[in-house]
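Chemist: Sharing input04.pdb (PDB, C-alpha atoms, pLDDT in the B column) below.
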ATOM      1  CA  ALA A1248      -2.436 -17.596   2.328  1.00 80.00           C
ATOM      2  CA  GLN A1249      -3.004 -14.340   4.113  1.00 87.00           C
ATOM      3  CA  SER A1250      -6.040 -12.181   3.420  1.00 93.00           C
ATOM      4  CA  VAL A1251      -7.715  -9.031   4.706  1.00 96.00           C
ATOM      5  CA  THR A1252     -11.393  -8.135   4.733  1.00 96.00           C
ATOM      6  CA  GLN A1253     -12.683  -4.629   5.122  1.00 97.00           C
ATOM      7  CA  PRO A1254     -16.440  -5.141   5.204  1.00 96.00           C
ATOM      8  CA  ASP A1255     -17.391  -1.494   4.837  1.00 95.00           C
ATOM      9  CA  ILE A1256     -16.832  -0.096   1.369  1.00 95.00           C
ATOM     10  CA  HIS A1257     -18.082   3.373   2.196  1.00 96.00           C
ATOM     11  CA  ILE A1258     -18.754   5.104   5.515  1.00 97.00           C
ATOM     12  CA  THR A1259     -20.148   8.572   6.139  1.00 97.00           C
ATOM     13  CA  VAL A1260     -19.770  10.312   9.489  1.00 97.00           C
ATOM     14  CA  SER A1261     -20.413  13.821  10.712  1.00 97.00           C
ATOM     15  CA  GLU A1262     -17.497  15.982  11.702  1.00 97.00           C
ATOM     16  CA  GLY A1263     -16.860  15.581  15.403  1.00 97.00           C
ATOM     17  CA  ALA A1264     -18.424  12.131  15.555  1.00 97.00           C
ATOM     18  CA  SER A1265     -16.477   9.028  16.474  1.00 97.00           C
ATOM     19  CA  LEU A1266     -15.241   6.588  13.865  1.00 97.00           C
ATOM     20  CA  GLU A1267     -14.541   2.888  13.715  1.00 98.00           C
ATOM     21  CA  LEU A1268     -13.330   1.158  10.557  1.00 98.00           C
ATOM     22  CA  ARG A1269     -13.389  -2.601  10.604  1.00 98.00           C
ATOM     23  CA  CYS A1270     -10.628  -4.932   9.498  1.00 98.00           C
ATOM     24  CA  ASN A1271     -10.488  -8.717   9.733  1.00 97.00           C
ATOM     25  CA  TYR A1272      -7.457 -10.705   8.693  1.00 95.00           C
ATOM     26  CA  SER A1273      -6.543 -14.284   8.009  1.00 92.00           C
ATOM     27  CA  TYR A1274      -2.978 -15.390   8.673  1.00 87.00           C
ATOM     28  CA  GLY A1275      -1.464 -18.611   9.922  1.00 75.00           C
ATOM     29  CA  ALA A1276       1.140 -17.124  12.235  1.00 77.00           C
ATOM     30  CA  THR A1277       1.379 -14.056  14.417  1.00 77.00           C
ATOM     31  CA  PRO A1278       0.436 -11.252  12.089  1.00 85.00           C
ATOM     32  CA  TYR A1279       1.814  -7.852  11.820  1.00 92.00           C
ATOM     33  CA  LEU A1280      -0.768  -5.321  10.781  1.00 95.00           C
ATOM     34  CA  PHE A1281      -0.965  -1.850   9.314  1.00 96.00           C
ATOM     35  CA  TRP A1282      -3.431   0.874   8.558  1.00 97.00           C
ATOM     36  CA  TYR A1283      -2.679   3.207   5.669  1.00 96.00           C
ATOM     37  CA  VAL A1284      -4.562   6.287   4.493  1.00 96.00           C
ATOM     38  CA  GLN A1285      -4.743   7.527   0.924  1.00 94.00           C
ATOM     39  CA  SER A1286      -6.090  10.999   0.185  1.00 91.00           C
ATOM     40  CA  PRO A1287      -7.429  11.634  -3.338  1.00 86.00           C
ATOM     41  CA  GLY A1288      -4.624  11.604  -5.870  1.00 82.00           C
ATOM     42  CA  GLN A1289      -2.030  10.939  -3.185  1.00 85.00           C
ATOM     43  CA  GLY A1290       0.190   8.096  -2.106  1.00 88.00           C
ATOM     44  CA  LEU A1291      -0.142   5.873   0.940  1.00 92.00           C
ATOM     45  CA  GLN A1292       0.610   7.239   4.369  1.00 93.00           C
ATOM     46  CA  LEU A1293       1.142   4.919   7.299  1.00 94.00           C
ATOM     47  CA  LEU A1294      -1.256   5.668  10.157  1.00 96.00           C
ATOM     48  CA  LEU A1295      -0.145   2.977  12.578  1.00 96.00           C
ATOM     49  CA  LYS A1296       1.273  -0.498  12.863  1.00 95.00           C
ATOM     50  CA  TYR A1297       1.153  -3.513  15.144  1.00 95.00           C
ATOM     51  CA  PHE A1298       4.029  -5.932  15.448  1.00 92.00           C
ATOM     52  CA  SER A1299       3.746  -7.271  18.982  1.00 89.00           C
ATOM     53  CA  GLY A1300       3.185  -6.198  22.568  1.00 89.00           C
ATOM     54  CA  ASP A1301       0.451  -3.816  23.640  1.00 91.00           C
ATOM     55  CA  THR A1302      -2.644  -4.629  21.608  1.00 92.00           C
ATOM     56  CA  LEU A1303      -3.840  -1.008  21.586  1.00 96.00           C
ATOM     57  CA  VAL A1304      -1.621   1.010  19.281  1.00 97.00           C
ATOM     58  CA  GLN A1305      -1.566   4.733  18.795  1.00 97.00           C
ATOM     59  CA  GLY A1306      -0.915   6.331  15.449  1.00 96.00           C
ATOM     60  CA  ILE A1307      -0.701   9.685  13.814  1.00 95.00           C
ATOM     61  CA  LYS A1308      -3.547  12.186  13.465  1.00 94.00           C
ATOM     62  CA  GLY A1309      -5.278  10.908  16.604  1.00 96.00           C
ATOM     63  CA  PHE A1310      -5.981   7.413  15.276  1.00 97.00           C
ATOM     64  CA  GLU A1311      -5.692   4.225  17.279  1.00 98.00           C
ATOM     65  CA  ALA A1312      -6.291   0.547  16.548  1.00 98.00           C
ATOM     66  CA  GLU A1313      -6.815  -2.513  18.686  1.00 96.00           C
ATOM     67  CA  PHE A1314      -5.512  -5.950  17.813  1.00 95.00           C
ATOM     68  CA  LYS A1315      -7.868  -8.715  18.928  1.00 94.00           C
ATOM     69  CA  ARG A1316      -6.413 -12.105  18.205  1.00 92.00           C
ATOM     70  CA  SER A1317      -9.564 -13.985  19.236  1.00 92.00           C
ATOM     71  CA  GLN A1318     -11.585 -12.075  16.653  1.00 94.00           C
ATOM     72  CA  SER A1319      -8.822 -11.799  14.028  1.00 94.00           C
ATOM     73  CA  SER A1320      -9.532  -8.102  13.938  1.00 96.00           C
ATOM     74  CA  PHE A1321      -7.585  -4.856  13.853  1.00 97.00           C
ATOM     75  CA  ASN A1322     -10.173  -2.096  13.881  1.00 98.00           C
ATOM     76  CA  LEU A1323      -9.229   1.536  13.451  1.00 98.00           C
ATOM     77  CA  ARG A1324     -10.789   4.187  15.675  1.00 98.00           C
ATOM     78  CA  LYS A1325     -10.833   7.909  16.124  1.00 98.00           C
ATOM     79  CA  PRO A1326     -12.833   9.659  18.850  1.00 97.00           C
ATOM     80  CA  SER A1327     -13.604  12.813  16.862  1.00 97.00           C
ATOM     81  CA  VAL A1328     -13.375  12.982  13.100  1.00 97.00           C
ATOM     82  CA  HIS A1329     -12.198  16.074  11.262  1.00 96.00           C
ATOM     83  CA  TRP A1330     -13.237  17.008   7.717  1.00 96.00           C
ATOM     84  CA  SER A1331      -9.642  16.486   6.606  1.00 95.00           C
ATOM     85  CA  ASP A1332      -9.916  12.796   7.523  1.00 96.00           C
ATOM     86  CA  ALA A1333     -12.008  12.157   4.418  1.00 96.00           C
ATOM     87  CA  ALA A1334      -9.939   9.648   2.446  1.00 97.00           C
ATOM     88  CA  GLU A1335      -9.551   5.977   1.575  1.00 96.00           C
ATOM     89  CA  TYR A1336      -8.330   3.746   4.402  1.00 98.00           C
ATOM     90  CA  PHE A1337      -6.532   0.471   3.842  1.00 97.00           C
ATOM     91  CA  CYS A1338      -5.822  -2.284   6.312  1.00 97.00           C
ATOM     92  CA  ALA A1339      -2.926  -4.613   5.495  1.00 96.00           C
ATOM     93  CA  VAL A1340      -1.421  -7.782   6.930  1.00 95.00           C
ATOM     94  CA  GLY A1341       2.256  -8.503   6.446  1.00 91.00           C
ATOM     95  CA  ALA A1342       4.307 -11.640   6.111  1.00 86.00           C
ATOM     96  CA  TYR A1343       8.003 -11.144   6.687  1.00 83.00           C
ATOM     97  CA  THR A1344      10.264 -13.641   4.918  1.00 80.00           C
ATOM     98  CA  GLY A1345      13.560 -12.453   6.342  1.00 79.00           C
ATOM     99  CA  THR A1346      14.381 -10.370   3.298  1.00 80.00           C
ATOM    100  CA  ALA A1347      11.028  -8.981   2.189  1.00 80.00           C
ATOM    101  CA  SER A1348       7.796  -7.952   3.756  1.00 84.00           C
ATOM    102  CA  LYS A1349       4.841  -9.099   1.660  1.00 88.00           C
ATOM    103  CA  LEU A1350       1.800  -6.928   2.342  1.00 92.00           C
ATOM    104  CA  THR A1351      -1.720  -8.055   1.515  1.00 94.00           C
ATOM    105  CA  PHE A1352      -4.208  -5.211   1.475  1.00 96.00           C
ATOM    106  CA  GLY A1353      -7.911  -5.078   2.071  1.00 96.00           C
ATOM    107  CA  THR A1354     -10.167  -3.507  -0.518  1.00 95.00           C
ATOM    108  CA  GLY A1355     -10.304  -0.235   1.376  1.00 96.00           C
ATOM    109  CA  THR A1356     -12.972   1.822   3.110  1.00 97.00           C
ATOM    110  CA  ARG A1357     -13.842   5.198   1.732  1.00 97.00           C
ATOM    111  CA  LEU A1358     -14.582   7.703   4.499  1.00 97.00           C
ATOM    112  CA  GLN A1359     -16.783  10.670   3.787  1.00 97.00           C
ATOM    113  CA  VAL A1360     -17.117  13.413   6.404  1.00 97.00           C
ATOM    114  CA  THR A1361     -20.130  15.686   6.461  1.00 96.00           C
ATOM    115  CA  LEU A1362     -19.987  19.137   8.010  1.00 90.00           C
TER     116      LEU A1362
ATOM    117  CA  ASP B1034      13.930  15.478   1.048  1.00 63.00           C
ATOM    118  CA  THR B1035      11.764  12.744  -0.501  1.00 70.00           C
ATOM    119  CA  ALA B1036      12.264   9.235   0.894  1.00 91.00           C
ATOM    120  CA  VAL B1037      10.787   7.241  -2.006  1.00 95.00           C
ATOM    121  CA  SER B1038      10.369   9.035  -5.309  1.00 95.00           C
ATOM    122  CA  GLN B1039       8.874   7.938  -8.604  1.00 96.00           C
ATOM    123  CA  THR B1040       9.030   9.351 -12.092  1.00 96.00           C
ATOM    124  CA  PRO B1041       6.973  10.201 -13.933  1.00 96.00           C
ATOM    125  CA  LYS B1042       3.936  11.090 -11.841  1.00 95.00           C
ATOM    126  CA  TYR B1043       1.631  10.753 -14.847  1.00 96.00           C
ATOM    127  CA  LEU B1044       2.110   8.698 -17.974  1.00 97.00           C
ATOM    128  CA  VAL B1045      -0.322   8.670 -20.887  1.00 97.00           C
ATOM    129  CA  THR B1046       0.447   6.411 -23.813  1.00 97.00           C
ATOM    130  CA  GLN B1047      -1.046   4.392 -26.630  1.00 97.00           C
ATOM    131  CA  MET B1048      -1.719   0.668 -26.649  1.00 97.00           C
ATOM    132  CA  GLY B1049       1.220  -1.353 -27.875  1.00 97.00           C
ATOM    133  CA  ASN B1050       3.871   1.091 -26.677  1.00 97.00           C
ATOM    134  CA  ASP B1051       6.685   0.271 -24.263  1.00 97.00           C
ATOM    135  CA  LYS B1052       7.180   2.459 -21.195  1.00 97.00           C
ATOM    136  CA  SER B1053       9.254   2.594 -18.029  1.00 97.00           C
ATOM    137  CA  ILE B1054       8.615   3.917 -14.542  1.00 98.00           C
ATOM    138  CA  LYS B1055      11.532   4.735 -12.267  1.00 97.00           C
ATOM    139  CA  CYS B1056      11.782   4.534  -8.507  1.00 97.00           C
ATOM    140  CA  GLU B1057      14.495   5.708  -6.153  1.00 97.00           C
ATOM    141  CA  GLN B1058      14.769   5.538  -2.379  1.00 96.00           C
ATOM    142  CA  ASN B1059      17.227   7.412  -0.173  1.00 96.00           C
ATOM    143  CA  LEU B1060      16.404   5.520   3.021  1.00 95.00           C
ATOM    144  CA  GLY B1061      19.243   3.021   2.693  1.00 94.00           C
ATOM    145  CA  HIS B1062      16.775   0.144   2.587  1.00 93.00           C
ATOM    146  CA  ASP B1063      17.713  -3.212   1.120  1.00 92.00           C
ATOM    147  CA  THR B1064      14.301  -4.180  -0.251  1.00 93.00           C
ATOM    148  CA  MET B1065      12.100  -2.471  -2.816  1.00 95.00           C
ATOM    149  CA  TYR B1066       8.666  -3.313  -4.204  1.00 95.00           C
ATOM    150  CA  TRP B1067       6.212  -2.565  -6.977  1.00 96.00           C
ATOM    151  CA  TYR B1068       2.470  -2.519  -6.331  1.00 96.00           C
ATOM    152  CA  LYS B1069      -0.423  -2.016  -8.729  1.00 96.00           C
ATOM    153  CA  GLN B1070      -3.598  -0.186  -7.669  1.00 95.00           C
ATOM    154  CA  ASP B1071      -6.446  -0.816 -10.060  1.00 93.00           C
ATOM    155  CA  SER B1072      -9.454   1.348 -10.824  1.00 91.00           C
ATOM    156  CA  LYS B1073     -11.303  -0.083  -7.824  1.00 91.00           C
ATOM    157  CA  LYS B1074      -8.423   1.014  -5.585  1.00 90.00           C
ATOM    158  CA  PHE B1075      -7.332  -2.563  -4.942  1.00 93.00           C
ATOM    159  CA  LEU B1076      -3.603  -2.764  -4.170  1.00 94.00           C
ATOM    160  CA  LYS B1077      -1.602  -5.838  -5.081  1.00 94.00           C
ATOM    161  CA  ILE B1078       2.067  -6.587  -4.865  1.00 94.00           C
ATOM    162  CA  MET B1079       3.808  -7.318  -8.149  1.00 95.00           C
ATOM    163  CA  PHE B1080       7.511  -7.675  -7.424  1.00 92.00           C
ATOM    164  CA  SER B1081      10.106  -7.307  -4.731  1.00 92.00           C
ATOM    165  CA  TYR B1082      13.885  -6.975  -4.960  1.00 91.00           C
ATOM    166  CA  ASN B1083      16.369  -7.385  -2.148  1.00 90.00           C
ATOM    167  CA  ASN B1084      19.830  -6.049  -2.862  1.00 85.00           C
ATOM    168  CA  LYS B1085      19.229  -6.278  -6.603  1.00 83.00           C
ATOM    169  CA  GLU B1086      17.905  -9.837  -6.378  1.00 88.00           C
ATOM    170  CA  LEU B1087      14.305 -10.680  -7.325  1.00 89.00           C
ATOM    171  CA  ILE B1088      12.632 -12.323  -4.344  1.00 88.00           C
ATOM    172  CA  ILE B1089       8.918 -11.856  -4.891  1.00 87.00           C
ATOM    173  CA  ASN B1090       7.361 -12.332  -8.301  1.00 87.00           C
ATOM    174  CA  GLU B1091       3.604 -12.521  -8.198  1.00 88.00           C
ATOM    175  CA  THR B1092       1.446 -13.659 -11.085  1.00 80.00           C
ATOM    176  CA  VAL B1093       2.186 -10.796 -13.425  1.00 88.00           C
ATOM    177  CA  PRO B1094       2.281 -10.915 -17.257  1.00 90.00           C
ATOM    178  CA  ASN B1095       5.829 -11.267 -18.519  1.00 91.00           C
ATOM    179  CA  ARG B1096       5.344  -7.979 -20.376  1.00 96.00           C
ATOM    180  CA  PHE B1097       6.254  -6.470 -16.995  1.00 95.00           C
ATOM    181  CA  SER B1098       9.945  -6.592 -16.214  1.00 94.00           C
ATOM    182  CA  PRO B1099      11.471  -5.037 -13.120  1.00 93.00           C
ATOM    183  CA  LYS B1100      15.106  -4.058 -13.070  1.00 93.00           C
ATOM    184  CA  SER B1101      17.241  -3.036 -10.120  1.00 93.00           C
ATOM    185  CA  PRO B1102      20.567  -1.455 -11.114  1.00 91.00           C
ATOM    186  CA  ASP B1103      21.446  -0.953  -7.447  1.00 91.00           C
ATOM    187  CA  LYS B1104      19.660  -1.310  -4.149  1.00 90.00           C
ATOM    188  CA  ALA B1105      18.445   2.295  -4.200  1.00 95.00           C
ATOM    189  CA  HIS B1106      16.693   1.978  -7.554  1.00 95.00           C
ATOM    190  CA  LEU B1107      13.947  -0.249  -8.899  1.00 96.00           C
ATOM    191  CA  ASN B1108      12.527   0.393 -12.326  1.00 96.00           C
ATOM    192  CA  LEU B1109       9.503  -1.143 -13.986  1.00 97.00           C
ATOM    193  CA  HIS B1110       9.466  -1.658 -17.721  1.00 97.00           C
ATOM    194  CA  ILE B1111       6.233  -2.571 -19.469  1.00 97.00           C
ATOM    195  CA  ASN B1112       6.159  -3.891 -23.021  1.00 96.00           C
ATOM    196  CA  SER B1113       3.235  -3.872 -25.429  1.00 97.00           C
ATOM    197  CA  LEU B1114       0.964  -1.877 -23.160  1.00 97.00           C
ATOM    198  CA  GLU B1115      -2.679  -2.924 -22.945  1.00 96.00           C
ATOM    199  CA  LEU B1116      -5.779  -1.068 -21.811  1.00 96.00           C
ATOM    200  CA  GLY B1117      -5.901  -3.206 -18.660  1.00 94.00           C
ATOM    201  CA  ASP B1118      -2.493  -1.924 -17.609  1.00 96.00           C
ATOM    202  CA  SER B1119      -4.053   1.431 -16.789  1.00 97.00           C
ATOM    203  CA  ALA B1120      -3.588   1.832 -13.054  1.00 96.00           C
ATOM    204  CA  VAL B1121      -1.580   3.606 -10.403  1.00 96.00           C
ATOM    205  CA  TYR B1122       1.777   1.951  -9.773  1.00 97.00           C
ATOM    206  CA  PHE B1123       3.375   2.407  -6.379  1.00 96.00           C
ATOM    207  CA  CYS B1124       6.946   1.781  -5.459  1.00 96.00           C
ATOM    208  CA  ALA B1125       7.889   1.035  -1.844  1.00 96.00           C
ATOM    209  CA  SER B1126      10.946   0.186   0.172  1.00 94.00           C
ATOM    210  CA  SER B1127      11.613  -1.507   3.485  1.00 92.00           C
ATOM    211  CA  GLN B1128      14.442  -2.550   5.737  1.00 87.00           C
ATOM    212  CA  VAL B1129      12.465  -4.983   7.878  1.00 84.00           C
ATOM    213  CA  ARG B1130       8.679  -5.054   8.184  1.00 86.00           C
ATOM    214  CA  GLU B1131       7.519  -1.502   7.592  1.00 89.00           C
ATOM    215  CA  GLN B1132       7.182  -0.323   4.016  1.00 92.00           C
ATOM    216  CA  PHE B1133       7.480   3.265   2.854  1.00 92.00           C
ATOM    217  CA  PHE B1134       5.560   4.141  -0.273  1.00 94.00           C
ATOM    218  CA  GLY B1135       6.269   6.512  -3.103  1.00 94.00           C
ATOM    219  CA  PRO B1136       3.678   8.973  -4.431  1.00 93.00           C
ATOM    220  CA  GLY B1137       2.586   6.700  -7.273  1.00 95.00           C
ATOM    221  CA  THR B1138       2.614   6.861 -11.065  1.00 97.00           C
ATOM    222  CA  ARG B1139      -0.733   7.063 -12.801  1.00 96.00           C
ATOM    223  CA  LEU B1140      -0.492   5.167 -16.080  1.00 97.00           C
ATOM    224  CA  THR B1141      -3.243   5.678 -18.638  1.00 97.00           C
ATOM    225  CA  VAL B1142      -3.265   3.512 -21.753  1.00 97.00           C
ATOM    226  CA  LEU B1143      -5.418   4.816 -24.609  1.00 96.00           C
TER     227      LEU B1143
END
Would you mind giving the structure from this file in structure tokens?
Modeler:
Amino acid sequence: AQSVTQPDIHITVSEGASLELRCNYSYGATPYLFWYVQSPGQGLQLLLKYFSGDTLVQGIKGFEAEFKRSQSSFNLRKPSVHWSDAAEYFCAVGAYTGTASKLTFGTGTRLQVTL
Amino acid sequence: DTAVSQTPKYLVTQMGNDKSIKCEQNLGHDTMYWYKQDSKKFLKIMFSYNNKELIINETVPNRFSPKSPDKAHLNLHINSLELGDSAVYFCASSQVREQFFGPGTRLTVL
């Protein structure tokens, strides 16, 4: 069965500092991976996704993530954090059955940004 | 021009009541989903329908019954509501791998 681990429950960074959120997955086949962001009281917004190909993927809002198969990781990075990035971040691994895409989410990392 | 919409946004009700949450997508997708996000923010898939056919049914109490009248709509009916059903319920849709989420329905059971 697939699973996702986000080891950091809560991270605090200063505005302008760099950010890395960790994500490790477990999946028997080639995974496809996502990062979602959830602002307080809001729904889930897709930041970026990896299906295949280039292991460094670019997303919205200046985020990027790198897929490392040898480490079973898909860490999210941003070179300079803005106060508006404060939110909950979820990593997810997907299993596509041909008709449905079953996503398994990590427990999330809450990002706090100090000014 | 909302892609995936849910109604209502908030739902407050008493234990033992029956309630429904509606979801509609205008993306032309064939597959729709229901997820539950608990108080610890953990998200878990509940159901998935493809072209009105149930294809994913996770371990969910049978008080929860999804219904898909057509491929653009997926409703969630909950019978005999319990305190533990309090959560945010998200609807999503997909055509292939990428899922698009609705804004969520916050259900509070008193």
Chemist: What residues in chain A have any atom no more than 9 Å from chain B when counting only C-alpha atoms, and can you write them as an MDAnalysis selection string?
Modeler: chainID A and resid 1279 1281 1288:1293 1296 1298 1335 1341:1343 1345:1355
Chemist: One decimal, Å: what's the distance from CA of Leu1294 in chain A over to CA of Asp1071 in chain B, could you say?
Modeler: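 One can read the CA of Leu1294 in chain A to CA of Asp1071 in chain B distance as 21.9 Å.
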Chemist: Step by step: start from the point (11.4, 2.4, -17.7) in the file's coordinates, keep every protein, DNA or RNA residue that has an atom no farther than 7 Å from it, count only C-alpha atoms, and write the set as a PyMOL selection string.
Modeler: chain B and resi 1052-1055+1108-1110
Chemist: For range 1318-1334 of chain A, list every protein, DNA or RNA residue within 9 Å, evaluated using only C-alpha atoms, and leave out those in the same chain fewer than 4 positions away; present the list as an MDAnalysis selection string.
Modeler: chainID A and resid 1260:1274 1280:1282 1284:1287 1297 1308:1314 1338 1356:1362
Chemist: Report the distance between CA of Ser1101 in chain B and CA of Leu1140 in chain B in Å, rounded to one decimal place.
Modeler: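 Between CA of Ser1101 in chain B and CA of Leu1140 in chain B the gap is 20.4 Å.
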Chemist: Between CA of Leu1295 in chain A and CA of Thr1040 in chain B, what is the spacing in Å?
Modeler: 27.1 Å
Chemist: Would you kindly identify which residues have an atom no farther than 6 Å from (23.3, -3.5, -6.9), using all atoms listed in the file and the file's own coordinates, and write them out as a ChimeraX atom specification?
Modeler: /B:1084-1085,1102-1104
Chemist: Kindly indicate which residue among B:Val1045, B:Ser1113, B:Val1142, B:Glu1057 lies nearest to Asn1095 in chain B, using all atoms listed in the file for the distances.
Modeler: B:Ser1113
Chemist: Mind telling me what the PyMOL selection byres ((chain B and resi 1060) around 8) catches here, as a PyMOL selection string?
Modeler: chain B and resi 1036-1037+1058-1059+1061-1062
Chemist: Edge lengths and centre, in Å to one decimal, as AutoDock Vina command-line options: that's what I need for the box along x, y and z that holds all listed atoms of range 1284-1298 of chain A plus 3 Å on each side.
Modeler:
--center_x -1.7 --center_y 2.9 --center_z 4.8 --size_x 17.5 --size_y 23.6 --size_z 27.3
Chemist: Which is closer to Lys1100 in chain B than all the others in B:Lys1069, B:Cys1056, B:Thr1141, B:Leu1114, using all atoms listed in the file?
Modeler: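 Comparing B:Lys1069, B:Cys1056, B:Thr1141, B:Leu1114 against Lys1100 in chain B, the winner is B:Cys1056.
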Chemist: Pick from B:Met1079, B:Gln1039, B:His1106, B:Met1048: nearest to Pro1094 in chain B, with all atoms listed in the file counted?
Modeler: B:Met1079
Chemist: With only C-alpha atoms as the basis for distance, which of A:Ile1256, A:Tyr1283, A:Lys1315, A:Tyr1336 is at the shortest distance from Asp1301 in chain A?
Modeler: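 Selected residue with least distance to Asp1301 in chain A: A:Lys1315.
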Chemist: Kindly indicate which residue among B:Ser1038, B:Ser1098, B:Asn1090, B:Ser1119 lies nearest to Ser1072 in chain B, using all atoms listed in the file for the distances.
Modeler: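 Using all atoms listed in the file, Ser1072 in chain B sits closest to B:Ser1119.
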Chemist: Using the structure just given, write a file holding all heavy atoms for range 1278-1285 of chain A, as a short mmCIF file (atom, residue, chain, number, x, y, z; two decimals), in the first residue's frame.
Modeler:
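File written: selection-v5.cif
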data_model
loop_
_atom_site.label_atom_id
_atom_site.label_comp_id
_atom_site.auth_asym_id
_atom_site.auth_seq_id
_atom_site.Cartn_x
_atom_site.Cartn_y
_atom_site.Cartn_z
N PRO A 1278 5.93 6.27 -8.95
CA PRO A 1278 4.89 7.10 -8.34
C PRO A 1278 4.58 8.33 -9.17
O PRO A 1278 5.41 8.76 -9.97
CB PRO A 1278 5.52 7.50 -7.01
CG PRO A 1278 6.98 7.62 -7.35
CD PRO A 1278 7.25 6.57 -8.38
N TYR A 1279 3.43 8.85 -8.98
CA TYR A 1279 3.26 10.23 -9.37
C TYR A 1279 2.88 11.00 -8.11
O TYR A 1279 2.19 10.51 -7.24
CB TYR A 1279 2.31 10.41 -10.54
CG TYR A 1279 0.92 9.92 -10.39
CD1 TYR A 1279 -0.09 10.77 -10.01
CD2 TYR A 1279 0.60 8.60 -10.68
CE1 TYR A 1279 -1.39 10.34 -9.90
CE2 TYR A 1279 -0.70 8.15 -10.56
CZ TYR A 1279 -1.69 9.02 -10.19
OH TYR A 1279 -2.97 8.58 -10.06
N LEU A 1280 3.44 12.19 -8.02
CA LEU A 1280 3.51 12.92 -6.75
C LEU A 1280 2.99 14.34 -6.90
O LEU A 1280 3.11 14.95 -7.97
CB LEU A 1280 4.97 12.95 -6.27
CG LEU A 1280 5.55 11.56 -5.97
CD1 LEU A 1280 7.07 11.57 -6.15
CD2 LEU A 1280 5.19 11.14 -4.56
N PHE A 1281 2.45 14.84 -5.82
CA PHE A 1281 1.85 16.18 -5.81
C PHE A 1281 2.23 16.90 -4.52
O PHE A 1281 2.43 16.28 -3.48
CB PHE A 1281 0.32 16.09 -5.86
CG PHE A 1281 -0.24 15.34 -7.02
CD1 PHE A 1281 -0.42 13.97 -6.96
CD2 PHE A 1281 -0.61 16.00 -8.19
CE1 PHE A 1281 -0.95 13.27 -8.03
CE2 PHE A 1281 -1.14 15.31 -9.26
CZ PHE A 1281 -1.31 13.94 -9.17
N TRP A 1282 2.24 18.22 -4.64
CA TRP A 1282 2.22 19.08 -3.46
C TRP A 1282 1.01 19.99 -3.58
O TRP A 1282 0.79 20.63 -4.61
CB TRP A 1282 3.48 19.94 -3.37
CG TRP A 1282 4.63 19.28 -2.68
CD1 TRP A 1282 5.70 18.67 -3.28
CD2 TRP A 1282 4.84 19.17 -1.28
NE1 TRP A 1282 6.56 18.19 -2.32
CE2 TRP A 1282 6.06 18.48 -1.08
CE3 TRP A 1282 4.13 19.59 -0.14
CZ2 TRP A 1282 6.58 18.20 0.18
CZ3 TRP A 1282 4.64 19.31 1.11
CH2 TRP A 1282 5.85 18.63 1.27
N TYR A 1283 0.24 20.03 -2.48
CA TYR A 1283 -0.92 20.91 -2.39
C TYR A 1283 -0.69 21.89 -1.23
O TYR A 1283 -0.04 21.56 -0.24
CB TYR A 1283 -2.20 20.13 -2.11
CG TYR A 1283 -2.76 19.36 -3.28
CD1 TYR A 1283 -2.34 18.06 -3.54
CD2 TYR A 1283 -3.72 19.92 -4.12
CE1 TYR A 1283 -2.87 17.33 -4.60
CE2 TYR A 1283 -4.25 19.21 -5.18
CZ TYR A 1283 -3.81 17.93 -5.41
OH TYR A 1283 -4.33 17.22 -6.47
N VAL A 1284 -1.32 23.07 -1.35
CA VAL A 1284 -1.28 24.04 -0.27
C VAL A 1284 -2.72 24.36 0.15
O VAL A 1284 -3.63 24.42 -0.69
CB VAL A 1284 -0.53 25.32 -0.67
CG1 VAL A 1284 -1.19 26.02 -1.85
CG2 VAL A 1284 -0.41 26.28 0.50
N GLN A 1285 -2.90 24.50 1.45
CA GLN A 1285 -4.22 24.83 1.99
C GLN A 1285 -4.06 26.02 2.94
O GLN A 1285 -3.47 25.91 4.00
CB GLN A 1285 -4.82 23.65 2.73
CG GLN A 1285 -6.23 23.89 3.22
CD GLN A 1285 -6.83 22.69 3.94
OE1 GLN A 1285 -6.13 21.86 4.50
NE2 GLN A 1285 -8.16 22.59 3.93
#
